[in-house]
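Shown here: structure.txt, compact mmCIF, C-alpha atoms.
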# COMPACT_ATOMS: atom_id res chain seq x y z
CA MET A 1303 30.48 -34.59 -52.85
CA GLN A 1304 33.43 -33.39 -50.81
CA LYS A 1305 32.23 -29.78 -51.16
CA LYS A 1306 28.77 -30.69 -49.82
CA THR A 1307 30.33 -32.55 -46.92
CA LEU A 1308 32.53 -29.55 -46.15
CA VAL A 1309 29.55 -27.21 -46.24
CA TRP A 1310 27.60 -29.40 -43.83
CA LEU A 1311 30.60 -29.61 -41.52
CA ILE A 1312 30.84 -25.83 -41.51
CA VAL A 1313 27.09 -25.49 -40.80
CA VAL A 1314 27.28 -28.02 -37.97
CA ALA A 1315 30.33 -26.26 -36.52
CA VAL A 1316 28.61 -22.86 -36.63
CA LEU A 1317 25.44 -24.24 -35.00
CA THR A 1318 27.51 -25.98 -32.34
CA VAL A 1319 29.40 -22.79 -31.54
CA PHE A 1320 26.11 -20.86 -31.43
CA LEU A 1321 24.43 -23.38 -29.13
CA VAL A 1322 27.42 -23.65 -26.82
CA THR A 1323 27.74 -19.87 -26.65
CA SER A 1324 24.02 -19.47 -25.92
CA PHE A 1325 24.20 -22.15 -23.24
CA LEU A 1326 27.21 -20.53 -21.59
CA PHE A 1327 25.56 -17.13 -21.78
CA ALA A 1328 22.40 -18.50 -20.15
CA MET A 1329 24.47 -20.13 -17.42
CA MET A 1330 26.18 -16.85 -16.64
CA GLN A 1331 22.99 -14.79 -16.60
CA LYS A 1332 22.34 -13.32 -13.16
CA PRO A 1333 18.76 -13.25 -11.88
CA ARG A 1334 16.97 -9.91 -11.56
CA VAL A 1335 15.86 -9.16 -8.01
CA ILE A 1336 12.68 -7.14 -7.36
CA PHE A 1337 12.47 -5.80 -3.83
CA ALA A 1338 9.37 -5.34 -1.69
CA ASP A 1339 7.22 -2.21 -2.01
CA SER A 1340 8.65 -0.83 1.23
CA LEU A 1341 12.00 -1.50 2.90
CA ARG A 1342 11.34 0.37 6.14
CA PHE A 1343 10.32 -1.50 9.31
CA PRO A 1344 10.14 -1.00 13.08
CA VAL A 1345 13.14 -2.21 15.08
CA ASN A 1346 12.90 -5.86 16.21
CA THR A 1347 10.48 -6.81 13.44
CA GLU A 1348 10.90 -10.47 12.55
CA LEU A 1349 11.95 -10.41 8.91
CA THR A 1350 13.14 -13.02 6.46
CA LEU A 1351 14.62 -12.49 3.02
CA SER A 1352 11.31 -13.41 1.42
CA ASP A 1353 9.70 -10.46 3.27
CA VAL A 1354 11.97 -7.91 1.60
CA VAL A 1355 12.45 -9.60 -1.79
CA LYS A 1356 9.27 -9.55 -3.84
CA ASP A 1357 10.45 -11.66 -6.76
CA VAL A 1358 13.56 -13.12 -8.38
CA GLN A 1359 13.18 -13.19 -12.14
CA GLY A 1360 15.21 -15.94 -13.79
CA GLY A 1361 16.13 -17.64 -10.54
CA ARG A 1362 15.37 -17.87 -6.84
CA LEU A 1363 16.63 -17.00 -3.38
CA SER A 1364 19.10 -19.54 -2.02
CA GLU A 1365 17.86 -18.99 1.56
CA PRO A 1366 14.37 -17.41 1.42
CA GLU A 1367 13.73 -18.00 5.14
CA LYS A 1368 17.01 -16.49 6.29
CA LEU A 1369 16.36 -14.13 9.21
CA LEU A 1370 17.53 -10.53 9.01
CA ASP A 1371 18.96 -8.84 12.10
CA SER A 1372 16.55 -6.01 12.89
CA SER A 1373 17.84 -5.21 16.37
CA LYS A 1374 19.64 -2.00 15.36
CA LYS A 1375 18.13 1.30 14.34
CA GLY A 1376 19.14 2.89 11.03
CA LEU A 1377 19.93 1.89 7.47
CA ILE A 1378 21.40 -1.63 7.44
CA GLN A 1379 22.99 -3.39 4.49
CA PHE A 1380 22.41 -7.11 4.00
CA THR A 1381 24.13 -9.47 1.58
CA PHE A 1382 22.25 -12.48 0.27
CA THR A 1383 22.64 -15.15 -2.39
CA VAL A 1384 20.51 -15.88 -5.43
CA GLU A 1385 20.87 -18.67 -7.94
CA ASN A 1386 19.85 -18.78 -11.58
CA LEU A 1387 18.09 -21.60 -13.42
CA PHE A 1388 21.37 -23.52 -13.60
CA LYS A 1389 21.89 -23.13 -9.84
CA ILE A 1390 24.87 -20.83 -10.36
CA GLN A 1391 24.99 -18.52 -7.36
CA SER A 1392 25.71 -14.81 -7.16
CA GLU A 1393 25.60 -12.29 -4.33
CA LYS A 1394 23.23 -9.34 -4.05
CA GLU A 1395 22.92 -6.49 -1.59
CA ILE A 1396 19.92 -4.75 -0.08
CA MET A 1397 19.54 -1.75 2.21
CA VAL A 1398 16.77 -1.96 4.84
CA GLU A 1399 15.88 0.85 7.21
CA PHE A 1400 14.79 0.10 10.78
CA TYR A 1401 13.22 2.76 12.95
CA SER A 1402 12.36 2.81 16.63
CA SER A 1403 9.10 3.93 18.15
CA ASP A 1404 8.01 3.68 21.75
CA THR A 1405 4.93 1.57 22.09
CA PRO A 1406 2.34 3.68 23.90
CA LYS A 1407 0.76 2.35 27.05
CA LYS A 1408 -2.27 0.30 26.14
CA GLU A 1409 -5.57 1.75 27.23
CA GLU A 1410 -8.92 0.08 27.15
CA PRO A 1411 -11.03 1.26 24.23
CA GLY A 1412 -13.44 3.02 26.55
CA GLU A 1413 -10.64 4.92 28.23
CA THR A 1414 -8.67 5.88 25.14
CA GLU A 1415 -8.82 9.58 24.44
CA LYS A 1416 -10.58 10.10 21.16
CA PRO A 1417 -8.57 12.03 18.62
CA ASN A 1418 -10.06 15.12 17.07
CA THR A 1419 -11.26 13.77 13.74
CA SER A 1420 -11.95 17.24 12.50
CA GLU A 1421 -8.24 17.88 12.49
CA LYS A 1422 -6.63 17.66 9.12
CA PRO A 1423 -3.13 17.63 7.78
CA SER A 1424 -1.27 20.53 6.29
CA THR A 1425 -2.04 20.79 2.61
CA THR A 1426 1.52 21.30 1.51
CA THR A 1427 3.02 18.61 -0.64
CA THR A 1428 4.64 17.08 2.42
CA ALA A 1429 2.38 14.71 4.28
CA PRO A 1430 0.50 16.48 7.04
CA SER A 1431 1.10 16.10 10.74
CA SER A 1432 -1.73 14.26 12.43
CA THR A 1433 -1.70 16.84 15.23
CA THR A 1434 -2.07 19.90 12.99
CA THR A 1435 -5.38 21.68 13.52
CA THR A 1436 -7.23 23.60 10.87
CA LYS A 1437 -10.40 25.58 11.18
CA LYS A 1438 -13.32 23.81 9.55
CA PRO A 1439 -13.91 25.37 6.14
CA SER A 1440 -16.90 27.57 5.53
CA THR A 1441 -19.41 26.25 3.02
CA THR A 1442 -19.81 29.76 1.65
CA THR A 1443 -16.17 30.04 0.54
CA LYS A 1444 -15.88 30.09 -3.23
CA PRO A 1445 -13.33 27.88 -4.93
CA GLN A 1446 -10.62 29.19 -7.17
CA ASN A 1447 -12.08 28.05 -10.44
CA ASN A 1448 -9.27 29.21 -12.73
CA GLY A 1449 -11.76 29.13 -15.60
CA GLU A 1450 -12.25 25.35 -15.34
CA ASN A 1451 -15.29 25.20 -13.08
CA PRO A 1452 -18.17 27.21 -14.55
CA GLY A 1453 -21.50 27.56 -12.80
CA GLU A 1454 -23.50 29.87 -10.57
CA SER A 1455 -23.05 28.09 -7.22
CA ALA A 1456 -19.47 27.13 -6.46
CA SER A 1457 -20.45 24.91 -3.53
CA LEU A 1458 -22.64 22.71 -5.74
CA ASN A 1459 -20.23 22.18 -8.60
CA PRO A 1460 -18.03 19.09 -8.77
CA PRO A 1461 -14.41 19.89 -7.88
CA PHE A 1462 -13.02 18.40 -11.10
CA GLY A 1463 -11.36 20.23 -13.94
CA SER A 1464 -9.90 18.96 -17.17
CA LYS A 1465 -8.58 15.42 -17.10
CA GLY A 1466 -10.02 14.86 -13.62
CA SER A 1467 -7.73 17.40 -11.93
CA LEU A 1468 -8.91 18.75 -8.58
CA ILE A 1469 -9.82 22.46 -8.37
CA ASP A 1470 -9.13 24.23 -5.10
CA GLY A 1471 -12.26 25.40 -3.32
CA VAL A 1472 -15.04 24.44 -0.91
CA TYR A 1473 -17.95 22.27 -2.04
CA THR A 1474 -20.90 20.35 -0.65
CA THR A 1475 -21.17 16.60 -1.19
CA SER A 1476 -24.37 14.71 -1.95
CA ASN A 1477 -24.64 13.92 1.78
CA GLY A 1478 -24.28 17.55 2.78
CA LYS A 1479 -20.68 17.11 3.96
CA THR A 1480 -18.09 19.84 3.46
CA LEU A 1481 -15.56 18.97 0.78
CA GLU A 1482 -12.52 21.23 0.64
CA VAL A 1483 -9.81 20.96 -1.99
CA LYS A 1484 -6.66 22.82 -1.01
CA ASN A 1485 -3.39 22.64 -2.95
CA GLY A 1486 -4.86 19.77 -4.94
CA ILE A 1487 -5.64 17.64 -1.87
CA ALA A 1488 -9.22 16.76 -0.90
CA TYR A 1489 -10.68 16.66 2.61
CA VAL A 1490 -14.24 15.80 3.60
CA ASP A 1491 -15.17 17.25 6.99
CA GLY A 1492 -11.43 17.51 7.63
CA ILE A 1493 -10.61 13.90 6.72
CA LEU A 1494 -8.14 13.42 3.87
CA ILE A 1495 -9.55 11.24 1.12
CA ALA A 1496 -7.69 9.42 -1.65
CA ASN A 1497 -9.55 7.18 -4.08
CA LYS A 1498 -10.16 6.85 -7.81
CA SER A 1499 -11.83 10.28 -7.91
CA TYR A 1500 -9.57 12.18 -5.52
CA SER A 1501 -5.84 12.01 -6.12
CA LEU A 1502 -2.72 13.23 -4.35
CA PRO A 1503 0.03 15.28 -6.02
CA LYS A 1504 3.12 13.45 -7.20
CA THR A 1505 5.20 15.52 -4.76
CA TYR A 1506 3.12 14.51 -1.72
CA THR A 1507 5.30 12.51 0.67
CA SER A 1508 4.84 10.97 4.12
CA PRO A 1509 6.66 9.02 6.81
CA TYR A 1510 6.16 5.25 6.67
CA LEU A 1511 3.22 5.87 9.03
CA GLN A 1512 1.85 9.19 10.25
CA THR A 1513 2.56 9.70 13.97
CA GLU A 1514 -1.02 9.27 15.17
CA THR A 1515 -1.52 6.29 12.87
CA GLU A 1516 1.63 4.64 14.16
CA GLN A 1517 0.61 5.10 17.80
CA ALA A 1518 -2.82 3.60 17.09
CA TYR A 1519 -1.19 0.69 15.27
CA TYR A 1520 0.86 -0.21 18.36
CA GLN A 1521 -2.28 -0.08 20.50
CA LEU A 1522 -4.01 -2.38 18.03
CA GLN A 1523 -1.07 -4.78 18.04
CA THR A 1524 -1.05 -4.91 21.85
CA ALA A 1525 -4.76 -5.74 21.87
CA ALA A 1526 -4.30 -8.40 19.19
CA VAL A 1527 -1.51 -10.08 21.16
CA LYS A 1528 -3.64 -10.03 24.32
CA ALA A 1529 -6.52 -11.60 22.38
CA GLY A 1530 -4.20 -14.43 21.29
CA ILE A 1531 -4.87 -14.09 17.58
CA LEU A 1532 -1.26 -13.54 16.56
CA SER A 1533 0.21 -16.81 17.79
CA GLU A 1534 0.58 -17.95 14.17
CA PHE A 1535 2.60 -14.81 13.48
CA LYS A 1536 4.95 -14.92 16.48
CA ASN A 1537 2.89 -12.19 18.17
CA LYS A 1538 3.67 -9.61 15.51
CA LEU A 1539 0.96 -7.67 13.70
CA VAL A 1540 3.05 -7.59 10.55
CA ILE A 1541 2.72 -4.57 8.29
CA LYS A 1542 3.16 -5.88 4.77
CA SER A 1543 2.95 -2.41 3.26
CA ALA A 1544 2.32 1.12 4.53
CA TYR A 1545 3.51 4.34 2.84
CA ARG A 1546 4.27 4.17 -0.85
CA SER A 1547 5.47 7.10 -2.90
CA TRP A 1548 3.85 8.13 -6.20
CA ASN A 1549 6.76 6.52 -8.04
CA ASP A 1550 6.48 3.28 -6.03
CA GLN A 1551 2.79 3.01 -6.88
CA ASN A 1552 3.46 3.81 -10.52
CA TYR A 1553 5.94 0.90 -10.71
CA ILE A 1554 3.57 -1.49 -8.91
CA PHE A 1555 0.49 -0.56 -10.94
CA ASN A 1556 2.26 -0.82 -14.30
CA ASN A 1557 3.63 -4.25 -13.41
CA TYR A 1558 0.14 -5.47 -12.57
CA VAL A 1559 -1.15 -4.07 -15.87
CA LYS A 1560 1.55 -5.95 -17.76
CA ARG A 1561 0.67 -9.15 -15.91
CA ASP A 1562 -3.15 -9.04 -15.82
CA GLY A 1563 -4.22 -6.30 -18.21
CA LEU A 1564 -5.54 -2.81 -17.40
CA ASP A 1565 -9.16 -3.68 -16.60
CA GLN A 1566 -8.24 -6.45 -14.17
CA ALA A 1567 -5.42 -4.49 -12.53
CA MET A 1568 -7.74 -1.57 -11.76
CA THR A 1569 -9.96 -3.81 -9.61
CA TYR A 1570 -7.24 -4.34 -7.03
CA SER A 1571 -4.49 -1.76 -7.62
CA ALA A 1572 -4.61 2.04 -7.72
CA ARG A 1573 -3.18 4.31 -10.35
CA PRO A 1574 -0.29 6.41 -9.05
CA GLY A 1575 -1.59 9.34 -7.00
CA HIS A 1576 -4.83 7.53 -6.17
CA SER A 1577 -3.44 5.05 -3.62
CA GLU A 1578 -4.29 5.42 0.07
CA HIS A 1579 -0.82 4.12 0.84
CA GLN A 1580 0.57 7.48 -0.27
CA THR A 1581 -1.21 9.16 2.68
CA GLY A 1582 0.87 7.37 5.32
CA MET A 1583 -2.38 6.46 7.09
CA ALA A 1584 -3.10 3.10 5.42
CA MET A 1585 -1.64 -0.35 6.05
CA ASP A 1586 -1.83 -3.86 4.64
CA LEU A 1587 -1.77 -6.12 7.70
CA LEU A 1588 -0.49 -9.73 7.84
CA THR A 1589 -1.00 -10.41 4.13
CA SER A 1590 -1.91 -8.80 0.83
CA SER A 1591 -3.05 -11.99 -0.86
CA THR A 1592 -6.69 -12.95 -1.41
CA ALA A 1593 -5.75 -16.63 -1.45
CA GLU A 1594 -3.80 -16.39 1.84
CA SER A 1595 -6.57 -14.41 3.53
CA LYS A 1596 -8.94 -17.38 3.17
CA THR A 1597 -6.63 -19.92 4.80
CA GLU A 1598 -6.92 -21.22 8.36
CA LYS A 1599 -3.72 -19.39 9.28
CA PHE A 1600 -4.87 -15.91 8.28
CA LYS A 1601 -8.69 -15.85 8.40
CA PRO A 1602 -9.16 -15.90 12.23
CA ALA A 1603 -6.75 -12.98 12.68
CA LEU A 1604 -8.33 -10.99 9.83
CA ASP A 1605 -11.82 -11.64 11.21
CA TRP A 1606 -10.69 -10.36 14.62
CA LEU A 1607 -9.27 -7.22 13.02
CA SER A 1608 -12.55 -6.61 11.19
CA ASP A 1609 -14.43 -6.69 14.52
CA ASN A 1610 -11.94 -4.78 16.66
CA ALA A 1611 -9.77 -2.42 14.60
CA TYR A 1612 -12.36 0.36 14.82
CA LYS A 1613 -11.76 0.62 18.58
CA TYR A 1614 -8.32 1.99 17.77
CA GLY A 1615 -9.37 4.30 14.94
CA PHE A 1616 -8.96 2.00 11.93
CA ILE A 1617 -11.54 1.17 9.29
CA LEU A 1618 -11.73 -1.76 6.90
CA ARG A 1619 -11.33 0.39 3.83
CA TYR A 1620 -12.59 -2.02 1.15
CA PRO A 1621 -15.35 -4.17 2.69
CA GLU A 1622 -16.91 -7.20 1.09
CA GLY A 1623 -19.78 -6.47 -1.28
CA LYS A 1624 -18.84 -2.80 -1.72
CA SER A 1625 -16.64 -3.04 -4.84
CA GLU A 1626 -19.00 -0.97 -6.99
CA ILE A 1627 -18.76 1.82 -4.42
CA THR A 1628 -15.05 1.78 -3.54
CA GLY A 1629 -13.83 0.66 -6.95
CA TYR A 1630 -11.77 -2.18 -5.47
CA ILE A 1631 -12.24 -5.83 -4.58
CA PHE A 1632 -12.67 -6.96 -0.98
CA GLU A 1633 -9.36 -6.51 0.85
CA PRO A 1634 -9.61 -7.90 4.40
CA TRP A 1635 -6.04 -6.75 5.09
CA HIS A 1636 -6.28 -3.06 4.13
CA TYR A 1637 -6.93 -0.65 7.02
CA ARG A 1638 -7.05 3.14 7.07
CA TYR A 1639 -6.73 5.34 10.15
CA VAL A 1640 -9.52 7.92 10.58
CA GLY A 1641 -9.76 8.27 14.37
CA THR A 1642 -11.94 6.35 16.81
CA GLU A 1643 -15.05 8.52 16.52
CA LEU A 1644 -15.50 8.14 12.77
CA ALA A 1645 -14.23 4.54 12.82
CA GLU A 1646 -16.99 3.51 15.23
CA ILE A 1647 -19.63 5.08 12.99
CA LEU A 1648 -18.30 3.34 9.89
CA TYR A 1649 -17.97 -0.01 11.71
CA ASN A 1650 -21.77 0.09 12.02
CA HIS A 1651 -21.99 -2.98 14.27
CA GLY A 1652 -20.02 -5.05 11.78
CA ASP A 1653 -21.87 -3.94 8.64
CA TRP A 1654 -19.11 -1.64 7.39
CA ILE A 1655 -20.00 1.69 5.76
CA THR A 1656 -17.44 2.98 3.27
CA LEU A 1657 -15.94 6.45 3.30
CA GLU A 1658 -17.61 7.04 -0.07
CA GLU A 1659 -21.07 6.21 1.30
CA TYR A 1660 -20.66 8.22 4.48
CA PHE A 1661 -19.12 11.28 2.83
CA GLY A 1662 -21.34 11.21 -0.26
CA VAL A 1663 -18.53 11.05 -2.82
CA ASP A 1664 -17.75 8.67 -5.65
CA SER A 1665 -14.66 6.68 -6.63
CA VAL A 1666 -14.37 6.84 -10.40
CA TYR A 1667 -11.36 7.63 -12.58
CA ARG A 1668 -11.75 10.76 -14.67
CA GLY A 1669 -9.58 11.90 -17.53
CA TYR A 1670 -7.75 8.64 -18.21

Produce C-alpha cells that represent the structure in this file.
Amino acid sequence: MQKKTLVWLIVVAVLTVFLVTSFLFAMMQKPRVIFADSLRFPVNTELTLSDVVKDVQGGRLSEPEKLLDSSKKGLIQFTFTVENLFKIQSEKEIMVEFYSSDTPKKEEPGETEKPNTSEKPSTTTTAPSSTTTTKKPSTTTKPQNNGENPGESASLNPPFGSKGSLIDGVYTTSNGKTLEVKNGIAYVDGILIANKSYSLPKTYTSPYLQTETEQAYYQLQTAAVKAGILSEFKNKLVIKSAYRSWNDQNYIFNNYVKRDGLDQAMTYSARPGHSEHQTGMAMDLLTSSTAESKTEKFKPALDWLSDNAYKYGFILRYPEGKSEITGYIFEPWHYRYVGTELAEILYNHGDWITLEEYFGVDSVYRGY
C-alpha cells in the first residue's frame, strides 16, 4: 500500500513539475512579429504601428495606434512593445525607410502632357526607367527560339517554352498587337505586362514606385484631396503596398496558400514573378481588404478613384466581373500606371476594359 502511494506521489510530482515548467515556458514565449509587405514610405506619411506590423503571432501590439515620426528622410529605427497571451511585454525593433519626392504642380487633366505610352522600360533585370525610349519592334523580327518554339511563322507562335517560360522574340497577339519578349520580359505595344501568363525574372527589381508612376500618383492625390474624398483618411491617399520583390511575393503567396489552400489563394494572390507589384508601376490604395472596401468609410473614395484615376494614367487593373479574364477577384484598390492615353481607352466611360482584352493576351498559369 505504501509503495502504491509512493508511486502516485512520484507521478503527481512529475506531472506538477511538467505542468509548471510548461506554464512558465509559455509565459516567457515572445510573440513573433510579421512586418508589412513594404516598409518604405514618402516623408510625412501618417503611419501607425499597425500600418507597418502585419501580424503578431502569439500576442498583440501594446500600442497599435502609436504614431511613427515620418518627418525625416532616410532609414529610421523604431522601438515598440508587444505582449504575449499572458500580457508579458517585450521590446521589438523595426527599420522603416522614408523618402522625399517633390509633389509636381497639379495640372488639369486636359492640360496634362500625355506621356508617350509607346515608351518601354529597359529589359535588363533592373526595373526600367519610365523615360527610356525604345523603337517599336518590327513584327517581322524572328524570335530566338532556342529549340523550344517550333513552327513556320515565328510571329504567330505563342511565346511560351517548357514550363511556361517566356521565349525572347516578337509575336502577334490575337488582337493584332505587337508582343515582344526581351530578356524574359513581355511588352505589348511597348507596355510591360505581368500576369499569370507573363512573368518577370526573379532578379527584376524596381524602386518603390517608378518615377513617372510616382509623379502621376501625386497628381492623383492632389485631385482626390481637392475633390474632398480623403477627409476620412486625413487627406492622404495612402499606398498600402507598391513594389514587392520576387522574394516578398513568394513569402506572401505561400502564407496565403497555407491559410486558404492553393486554389483559393490563386484567386487573389499572384505566384512570385507574376505580381504586378514587382513592376514598380502598381499600387494598392487605401486598403487591400474586400470587407473594408465595402464599408461607408472606403467605398466613396474607391468609387471616386474608379471614375477619375484614368485621368492621371492609372487603370483599375482587376475590374468587377472580369475575374475569368484577369485571373483575379475584383480589387477596387489595385491600380496600375499605363499612361493617360491608354488609361482613357481602357476606362471606356466607366465600363473598364482589361489589359488582357485590349492586348489580346490571356492570363493563365503554365507549367505549374

Next item on the list: Select, from A:Asn1549, A:Gln1521, A:Thr1474, A:Ser1577, the residue with the minimum atom-to-atom distance to Tyr1612 of chain A, counting all atoms listed in the file.
Entry: A:Gln1521

Item checked: Which of A:Ala1488, A:Ile1378, A:Met1585, A:Val1398 sits closest to Glu1516 of chain A [using all atoms listed in the file] ->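 Result for the nearest residue to Glu1516 of chain A: A:Met1585.
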
Checklist line | Residues within 8 Å of Tyr1620 of chain A, all atoms listed in the file, excluding chain neighbours under 6 positions, as an NGL selection string | finding: :A and (1628 or 1630-1634 or 1636 or 1656)

Notebook entry, point to check: Hey, what's within 8 Å of segment 1496-1511 of chain A if we count all atoms listed in the file and toss same-chain stuff fewer than 3 positions away? As JSON, numbers by chain, please?
Noted result: {"A": [1342, 1426, 1427, 1428, 1429, 1430, 1466, 1468, 1486, 1487, 1488, 1515, 1516, 1544, 1545, 1546, 1547, 1548, 1549, 1572, 1573, 1575, 1576, 1577, 1578, 1580, 1581, 1582, 1583, 1584, 1628, 1629, 1664, 1665, 1666, 1667, 1668]}

Notebook entry, point to check: Pick from A:Val1358, A:Phe1400, A:Trp1635, A:Gln1523: nearest to Leu1387 of chain A, with all atoms listed in the file counted?
Noted result: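 For Leu1387 of chain A, the nearest of the given residues is A:Val1358.
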
Next item on the list: Write out as a list in words the residues lying within 9 Å of Thr1383 of chain A, counting only C-alpha atoms and excluding same-chain residues fewer than 5 positions away.
Entry: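 Neighbouring residues, sequence-local ones excluded: Arg1362, Leu1363, Ser1364, Glu1365, Gln1391, Ser1392, Glu1393, Lys1394 and Glu1395 of chain A.
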
Next item on the list: Measure the distance from atom CA of Tyr1639 of chain A to atom CA of Leu1618 of chain A in Å and round it to one decimal.
Entry: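 Taking atom CA of Tyr1639 of chain A and atom CA of Leu1618 of chain A, their separation equals 9.3 Å.
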
Checklist line | Long-range neighbours of Ala1567 of chain A as a list in words, 12 Å cut-off, all atoms listed in the file, 2 positions minimum in chain | finding: Ile1554, Phe1555, Asn1556, Asn1557, Tyr1558, Val1559, Lys1560, Arg1561, Asp1562, Gly1563, Leu1564, Asp1565, Thr1569, Tyr1570, Ser1571, Ala1572, Arg1573, Gly1629, Tyr1630 and Ile1631 of chain A

Check: Please, what distance in Å, to one decimal, runs between atom CA of Leu1539 of chain A and atom CA of Pro1602 of chain A?
Finding: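 Atom CA of Pro1602 of chain A lies 13.1 Å from atom CA of Leu1539 of chain A.
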
Margin query: So the first atom is atom CA of Asn1386 of chain A and the second is atom CA of Glu1367 of chain A; what is the distance between them in Å, to one decimal place?
Written below: 17.8 Å

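Remark: for Val1354 of chain A, the closest of the candidate residues A:Lys1542, A:His1651, A:Lys1375, A:Lys1484 is A:Lys1542 (distances computed over all atoms listed in the file).
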
Using the file's own x, y and z axes, so that the box edges lie along x, y and z, what centre and edge lengths in Å (one decimal) does a box around every listed atom of segment 1309-1319 of chain A get when 6 Å is added on each side? Give it as JSON.
{"center_x": 28.1, "center_y": -26.2, "center_z": -38.9, "size_x": 17.4, "size_y": 18.8, "size_z": 26.7}
